[in-house]
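S.K.: Pasting run-v3.cif below, which is mmCIF, C-alpha atoms and all ligand atoms; chains and numbers go by the auth columns.
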data_structure
#
loop_
_atom_site.group_PDB
_atom_site.id
_atom_site.type_symbol
_atom_site.label_atom_id
_atom_site.label_comp_id
_atom_site.label_asym_id
_atom_site.label_seq_id
_atom_site.Cartn_x
_atom_site.Cartn_y
_atom_site.Cartn_z
_atom_site.B_iso_or_equiv
_atom_site.auth_seq_id
_atom_site.auth_asym_id
ATOM 1 C CA MET A 1 -57.297 48.712 -4.630 0.00 27 N
ATOM 2 C CA SER A 2 -55.883 49.974 -1.354 0.00 28 N
ATOM 3 C CA VAL A 3 -54.248 47.659 1.125 0.00 29 N
ATOM 4 C CA ARG A 4 -56.305 47.057 4.249 0.00 30 N
ATOM 5 C CA PRO A 5 -54.656 48.938 7.115 0.00 31 N
ATOM 6 C CA LYS A 6 -53.422 46.616 9.845 0.00 32 N
ATOM 7 C CA GLN A 7 -53.350 49.267 12.550 0.00 33 N
ATOM 8 C CA TYR A 8 -53.970 52.890 13.365 0.00 34 N
ATOM 9 C CA ASP A 9 -52.301 55.211 15.806 0.00 35 N
ATOM 10 C CA ILE A 10 -53.887 57.804 18.061 0.00 36 N
ATOM 11 C CA ASP A 11 -51.261 59.859 19.848 0.00 37 N
ATOM 12 C CA GLY A 12 -48.844 56.937 19.902 0.00 38 N
ATOM 13 C CA ASP A 13 -51.369 54.377 21.121 0.00 39 N
ATOM 14 C CA VAL A 14 -51.622 51.707 18.441 0.00 40 N
ATOM 15 C CA THR A 15 -54.753 49.681 17.799 0.00 41 N
ATOM 16 C CA THR A 16 -54.513 46.542 15.680 0.00 42 N
ATOM 17 C CA ILE A 17 -57.117 45.864 13.003 0.00 43 N
ATOM 18 C CA THR A 18 -57.907 42.325 11.955 0.00 44 N
ATOM 19 C CA TYR A 19 -60.187 41.276 9.121 0.00 45 N
ATOM 20 C CA VAL A 20 -62.191 38.133 9.587 0.00 46 N
ATOM 21 C CA PRO A 21 -64.930 36.471 7.519 0.00 47 N
ATOM 22 C CA LYS A 22 -67.185 36.001 10.549 0.00 48 N
ATOM 23 C CA ILE A 23 -67.473 37.709 13.927 0.00 49 N
ATOM 24 C CA ASP A 24 -68.366 35.660 16.969 0.00 50 N
ATOM 25 C CA GLY A 25 -69.981 37.885 19.570 0.00 51 N
ATOM 26 C CA GLY A 26 -70.043 41.669 19.380 0.00 52 N
ATOM 27 C CA SER A 27 -71.857 43.259 16.502 0.00 53 N
ATOM 28 C CA ALA A 28 -72.467 41.549 13.203 0.00 54 N
ATOM 29 C CA GLU A 29 -70.127 43.796 11.234 0.00 55 N
ATOM 30 C CA GLY A 30 -67.294 44.829 13.509 0.00 56 N
ATOM 31 C CA TYR A 31 -66.149 44.108 16.989 0.00 57 N
ATOM 32 C CA PRO A 32 -66.683 47.004 19.384 0.00 58 N
ATOM 33 C CA THR A 33 -63.623 48.651 20.813 0.00 59 N
ATOM 34 C CA SER A 34 -64.863 48.081 24.309 0.00 60 N
ATOM 35 C CA GLY A 35 -64.237 45.661 27.105 0.00 61 N
ATOM 36 C CA ASP A 36 -61.542 43.075 26.468 0.00 62 N
ATOM 37 C CA ALA A 37 -61.096 43.966 22.803 0.00 63 N
ATOM 38 C CA ARG A 38 -60.466 47.625 23.669 0.00 64 N
ATOM 39 C CA ARG A 39 -58.013 46.768 26.409 0.00 65 N
ATOM 40 C CA GLU A 40 -56.171 44.557 23.939 0.00 66 N
ATOM 41 C CA GLY A 41 -56.102 47.416 21.406 0.00 67 N
ATOM 42 C CA LEU A 42 -57.906 45.343 18.839 0.00 68 N
ATOM 43 C CA ILE A 43 -60.613 45.934 16.275 0.00 69 N
ATOM 44 C CA ARG A 44 -62.095 43.146 14.184 0.00 70 N
ATOM 45 C CA VAL A 45 -63.810 43.938 10.908 0.00 71 N
ATOM 46 C CA ARG A 46 -65.955 41.440 9.063 0.00 72 N
ATOM 47 C CA THR A 47 -64.872 40.906 5.459 0.00 73 N
ATOM 48 C CA LYS A 48 -68.041 39.302 4.105 0.00 74 N
ATOM 49 C CA GLN A 49 -69.686 42.596 3.229 0.00 75 N
ATOM 50 C CA THR A 50 -69.356 45.133 0.436 0.00 76 N
ATOM 51 C CA ARG A 51 -66.087 47.049 0.164 0.00 77 N
ATOM 52 C CA TRP A 52 -67.914 50.232 1.109 0.00 78 N
ATOM 53 C CA ASP A 53 -69.577 48.618 4.130 0.00 79 N
ATOM 54 C CA GLU A 54 -66.254 47.199 5.265 0.00 80 N
ATOM 55 C CA ARG A 55 -64.770 50.685 5.259 0.00 81 N
ATOM 56 C CA ALA A 56 -67.831 52.103 7.003 0.00 82 N
ATOM 57 C CA THR A 57 -67.491 49.395 9.657 0.00 83 N
ATOM 58 C CA LEU A 58 -63.854 50.258 10.228 0.00 84 N
ATOM 59 C CA LEU A 59 -64.658 53.959 10.599 0.00 85 N
ATOM 60 C CA HIS A 60 -67.576 53.040 12.874 0.00 86 N
ATOM 61 C CA GLU A 61 -65.322 51.076 15.233 0.00 87 N
ATOM 62 C CA ILE A 62 -62.702 53.837 15.213 0.00 88 N
ATOM 63 C CA MET A 63 -65.431 56.313 16.205 0.00 89 N
ATOM 64 C CA HIS A 64 -66.289 54.106 19.196 0.00 90 N
ATOM 65 C CA ASP A 65 -62.609 54.119 20.081 0.00 91 N
ATOM 66 C CA CYS A 66 -62.434 57.926 19.805 0.00 92 N
ATOM 67 C CA LEU A 67 -65.473 58.426 22.047 0.00 93 N
ATOM 68 C CA MET A 68 -64.027 56.047 24.616 0.00 94 N
ATOM 69 C CA ARG A 69 -60.661 57.809 24.543 0.00 95 N
ATOM 70 C CA ALA A 70 -62.390 61.186 24.892 0.00 96 N
ATOM 71 C CA GLY A 71 -64.112 59.847 27.982 0.00 97 N
ATOM 72 C CA ILE A 72 -67.445 61.009 26.704 0.00 98 N
ATOM 73 C CA ARG A 73 -70.251 60.049 29.026 0.00 99 N
ATOM 74 C CA THR A 74 -72.945 61.978 27.193 0.00 100 N
ATOM 75 C CA PHE A 75 -74.553 58.836 25.923 0.00 101 N
ATOM 76 C CA ALA A 76 -76.878 57.318 28.451 0.00 102 N
ATOM 77 C CA THR A 77 -76.462 53.844 27.059 0.00 103 N
ATOM 78 C CA LEU A 78 -74.356 51.950 24.580 0.00 104 N
ATOM 79 C CA LYS A 79 -77.500 51.762 22.445 0.00 105 N
ATOM 80 C CA THR A 80 -77.592 55.572 22.239 0.00 106 N
ATOM 81 C CA GLU A 81 -73.899 55.705 21.333 0.00 107 N
ATOM 82 C CA GLU A 82 -74.482 53.004 18.745 0.00 108 N
ATOM 83 C CA LEU A 83 -77.307 54.978 17.175 0.00 109 N
ATOM 84 C CA PHE A 84 -75.253 58.190 17.132 0.00 110 N
ATOM 85 C CA ILE A 85 -72.312 56.509 15.429 0.00 111 N
ATOM 86 C CA THR A 86 -74.463 54.521 13.026 0.00 112 N
ATOM 87 C CA LEU A 87 -76.196 57.716 11.869 0.00 113 N
ATOM 88 C CA LEU A 88 -73.008 59.775 11.582 0.00 114 N
ATOM 89 C CA GLU A 89 -70.608 57.245 10.068 0.00 115 N
ATOM 90 C CA PRO A 90 -71.928 57.083 6.460 0.00 116 N
ATOM 91 C CA TYR A 91 -72.007 60.885 6.194 0.00 117 N
ATOM 92 C CA LEU A 92 -68.507 61.313 7.557 0.00 118 N
ATOM 93 C CA LEU A 93 -67.197 58.654 5.197 0.00 119 N
ATOM 94 C CA SER A 94 -68.990 60.300 2.257 0.00 120 N
ATOM 95 C CA VAL A 95 -67.592 63.728 3.103 0.00 121 N
ATOM 96 C CA LEU A 96 -64.070 62.311 3.188 0.00 122 N
ATOM 97 C CA ARG A 97 -64.611 60.299 -0.003 0.00 123 N
ATOM 98 C CA ASP A 98 -66.324 62.954 -2.118 0.00 124 N
ATOM 99 C CA ASN A 99 -64.314 66.044 -1.192 0.00 125 N
ATOM 100 C CA PRO A 100 -60.658 65.564 -2.112 0.00 126 N
ATOM 101 C CA GLU A 101 -59.892 69.269 -1.710 0.00 127 N
ATOM 102 C CA LEU A 102 -61.232 69.205 1.825 0.00 128 N
ATOM 103 C CA ARG A 103 -59.406 65.942 2.524 0.00 129 N
ATOM 104 C CA ASP A 104 -56.104 67.355 1.256 0.00 130 N
ATOM 105 C CA TYR A 105 -56.573 70.464 3.363 0.00 131 N
ATOM 106 C CA LEU A 106 -57.423 68.537 6.522 0.00 132 N
ATOM 107 C CA PHE A 107 -54.508 66.160 6.161 0.00 133 N
ATOM 108 C CA GLU A 108 -51.904 68.497 4.670 0.00 134 N
ATOM 109 C CA GLU A 109 -48.381 67.406 5.463 0.00 135 N
ATOM 110 C CA GLY A 110 -46.926 69.455 8.297 0.00 136 N
ATOM 111 C CA ALA A 111 -50.262 70.873 9.452 0.00 137 N
ATOM 112 C CA ARG A 112 -50.418 68.650 12.482 0.00 138 N
HETATM 113 ZN ZN ZN B . -71.039 50.232 17.067 0.00 201 N
#
Written as structure tokens, that's how I'd like the structure from this file.

M.R.:
Amino acid sequence: MSVRPKQYDIDGDVTTITYVPKIDGGSAEGYPTSGDARREGLIRVRTKQTRWDERATLLHEIMHDCLMRAGIRTFATLKTEELFITLLEPYLLSVLRDNPELRDYLFEEGAR
């Protein structure tokens, strides 16, 4: 079993990931990378869910972070953004999980 990542880096800006059994406030599964949590560079992921759902939650919160960093204002409301991410996240995770050749190509060493 893989070790839970404790952080991720986007262009040198590090966000810390914490895993907690229960989330107070925010969503039920992960803490949104917005407001105070985003400013602190912190994502919280709930552990009391299936291993797959935990990973999906982490990807979900990273997608919020990416949209925020991109400055995307396409979404009229947070609810719309939430729906967009919730619909996309399981497919993106499945593509990355089920296509090792694609994954290797995308993340080939030195291709960055
Ligand atoms: Zn969300």

S.K.: Could you tell me which of N:Leu84, N:Leu132, N:Val29, N:Ile111 comes closest to ligand ZN 201 (chain N) if we count all atoms listed in the file?

M.R.: N:Ile111

S.K.: What is the atom CA of Gln75 of chain N to atom CA of Tyr45 of chain N distance in Å?

M.R.: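 Atom CA of Gln75 of chain N sits 11.3 Å away from atom CA of Tyr45 of chain N.
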
S.K.: List all protein, DNA and RNA residues that have at least one atom no more than 7 Å from any atom of ligand ZN 201 (chain N), counting all atoms listed in the file, and write them as a list in words.

M.R.: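 Using all atoms listed in the file, I find these residues within 7 Å of ligand ZN 201 (chain N): Pro58, His86, Glu87, His90, Glu108, Ile111 and Thr112 of chain N.
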
S.K.: If the PyMOL selection byres (((chain N and resi 91) around 10) and not hetatm) is run on the structure shown, which residues does it catch, given as a PyMOL selection string?

M.R.: chain N and resi 36+41+58-60+64+67+69+85-90+92-97

S.K.: Taking into account only C-alpha atoms, which residue in the set N:Leu68, N:Ser120, N:Lys105, N:Gly136 is nearest to Asp39 of chain N?

M.R.: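 Ranked by minimum distance to Asp39 of chain N, first place goes to N:Leu68.
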
S.K.: What does the distance between atom CA of Leu114 of chain N and atom CA of Lys32 of chain N come to in Å, to one decimal place?

M.R.: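 Answer for the atom CA of Leu114 of chain N to atom CA of Lys32 of chain N separation: 23.7 Å.
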
S.K.: On this file, the PyMOL selection byres (((chain N and resi 46) around 7) and not hetatm) gives some set of residues; write that set as a PDB file with C-alpha atoms, in the frame of the given file.

M.R.:
ATOM      1  CA  THR N  44     -57.907  42.325  11.955  1.00  0.00           C
ATOM      2  CA  TYR N  45     -60.187  41.276   9.121  1.00  0.00           C
ATOM      3  CA  PRO N  47     -64.930  36.471   7.519  1.00  0.00           C
ATOM      4  CA  LYS N  48     -67.185  36.001  10.549  1.00  0.00           C
ATOM      5  CA  ILE N  49     -67.473  37.709  13.927  1.00  0.00           C
ATOM      6  CA  ARG N  70     -62.095  43.146  14.184  1.00  0.00           C
ATOM      7  CA  VAL N  71     -63.810  43.938  10.908  1.00  0.00           C
ATOM      8  CA  ARG N  72     -65.955  41.440   9.063  1.00  0.00           C
ATOM      9  CA  THR N  73     -64.872  40.906   5.459  1.00  0.00           C
TER      10      THR N  73
END

S.K.: Which residue gives the smallest distance to Ser28 of chain N among N:Thr42, N:Thr103, N:Leu119, N:Arg77, with all atoms listed in the file counted?

M.R.: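 The answer is N:Arg77, which sits nearest to Ser28 of chain N.
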
S.K.: Could you state the separation of atom CA of Trp78 of chain N and atom CA of Leu113 of chain N in Å, given to one decimal place?

M.R.: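 Those two atoms sit 15.5 Å apart.
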
S.K.: Take segment 77-107 of chain N from the block and save it with N, CA and C atoms, as a short mmCIF file (atom, residue, chain, number, x, y, z; two decimals), in the first residue's frame.

M.R.:
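Ended up saving to out05.cif:
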data_model
loop_
_atom_site.label_atom_id
_atom_site.label_comp_id
_atom_site.auth_asym_id
_atom_site.auth_seq_id
_atom_site.Cartn_x
_atom_site.Cartn_y
_atom_site.Cartn_z
N ARG N 77 -10.70 3.40 0.64
CA ARG N 77 -9.39 3.85 0.14
C ARG N 77 -9.56 4.59 -1.18
N TRP N 78 -10.45 4.09 -2.01
CA TRP N 78 -10.70 4.74 -3.30
C TRP N 78 -11.30 6.13 -3.09
N ASP N 79 -12.29 6.23 -2.20
CA ASP N 79 -12.93 7.52 -1.95
C ASP N 79 -11.95 8.52 -1.32
N GLU N 80 -11.05 8.02 -0.51
CA GLU N 80 -10.05 8.91 0.08
C GLU N 80 -9.17 9.52 -1.02
N ARG N 81 -8.80 8.70 -1.97
CA ARG N 81 -7.97 9.19 -3.07
C ARG N 81 -8.77 10.16 -3.95
N ALA N 82 -10.02 9.81 -4.19
CA ALA N 82 -10.89 10.69 -4.99
C ALA N 82 -11.06 12.04 -4.29
N THR N 83 -11.19 12.01 -2.97
CA THR N 83 -11.32 13.25 -2.20
C THR N 83 -10.06 14.10 -2.34
N LEU N 84 -8.92 13.46 -2.24
CA LEU N 84 -7.66 14.21 -2.37
C LEU N 84 -7.57 14.86 -3.76
N LEU N 85 -7.85 14.09 -4.79
CA LEU N 85 -7.82 14.65 -6.15
C LEU N 85 -8.84 15.78 -6.27
N HIS N 86 -10.02 15.59 -5.71
CA HIS N 86 -11.08 16.59 -5.73
C HIS N 86 -10.57 17.92 -5.14
N GLU N 87 -9.94 17.85 -3.98
CA GLU N 87 -9.47 19.08 -3.33
C GLU N 87 -8.32 19.71 -4.12
N ILE N 88 -7.49 18.89 -4.73
CA ILE N 88 -6.40 19.42 -5.56
C ILE N 88 -6.99 20.14 -6.78
N MET N 89 -8.09 19.59 -7.33
CA MET N 89 -8.73 20.25 -8.47
C MET N 89 -9.28 21.62 -8.08
N HIS N 90 -9.85 21.73 -6.87
CA HIS N 90 -10.27 23.05 -6.39
C HIS N 90 -9.08 24.00 -6.35
N ASP N 91 -7.98 23.48 -5.82
CA ASP N 91 -6.76 24.28 -5.71
C ASP N 91 -6.31 24.75 -7.10
N CYS N 92 -6.31 23.84 -8.06
CA CYS N 92 -5.88 24.18 -9.43
C CYS N 92 -6.77 25.27 -10.04
N LEU N 93 -8.07 25.14 -9.87
CA LEU N 93 -8.99 26.14 -10.42
C LEU N 93 -8.75 27.50 -9.78
N MET N 94 -8.52 27.48 -8.47
CA MET N 94 -8.27 28.74 -7.76
C MET N 94 -6.97 29.38 -8.24
N ARG N 95 -5.94 28.54 -8.41
CA ARG N 95 -4.65 29.06 -8.88
C ARG N 95 -4.76 29.61 -10.30
N ALA N 96 -5.59 28.95 -11.12
CA ALA N 96 -5.77 29.38 -12.50
C ALA N 96 -6.59 30.67 -12.58
N GLY N 97 -7.22 31.01 -11.46
CA GLY N 97 -8.02 32.23 -11.43
C GLY N 97 -9.28 32.12 -12.25
N ILE N 98 -9.75 30.90 -12.39
CA ILE N 98 -10.94 30.69 -13.21
C ILE N 98 -12.17 31.25 -12.52
N ARG N 99 -12.87 32.08 -13.26
CA ARG N 99 -14.09 32.69 -12.73
C ARG N 99 -15.29 32.26 -13.57
N THR N 100 -15.13 31.17 -14.30
CA THR N 100 -16.19 30.68 -15.16
C THR N 100 -17.39 30.25 -14.35
N PHE N 101 -17.12 29.68 -13.20
CA PHE N 101 -18.20 29.14 -12.40
C PHE N 101 -18.91 30.26 -11.65
N ALA N 102 -20.22 30.28 -11.86
CA ALA N 102 -21.01 31.36 -11.27
C ALA N 102 -21.02 31.27 -9.74
N THR N 103 -21.02 30.07 -9.26
CA THR N 103 -21.08 29.87 -7.81
C THR N 103 -20.17 28.72 -7.42
N LEU N 104 -19.89 28.65 -6.14
CA LEU N 104 -19.11 27.53 -5.62
C LEU N 104 -19.85 26.22 -5.85
N LYS N 105 -21.18 26.30 -5.83
CA LYS N 105 -22.00 25.10 -6.06
C LYS N 105 -21.77 24.56 -7.47
N THR N 106 -21.65 25.45 -8.45
CA THR N 106 -21.38 25.04 -9.83
C THR N 106 -19.99 24.42 -9.94
N GLU N 107 -19.01 25.05 -9.30
CA GLU N 107 -17.65 24.50 -9.31
C GLU N 107 -17.65 23.13 -8.64
#
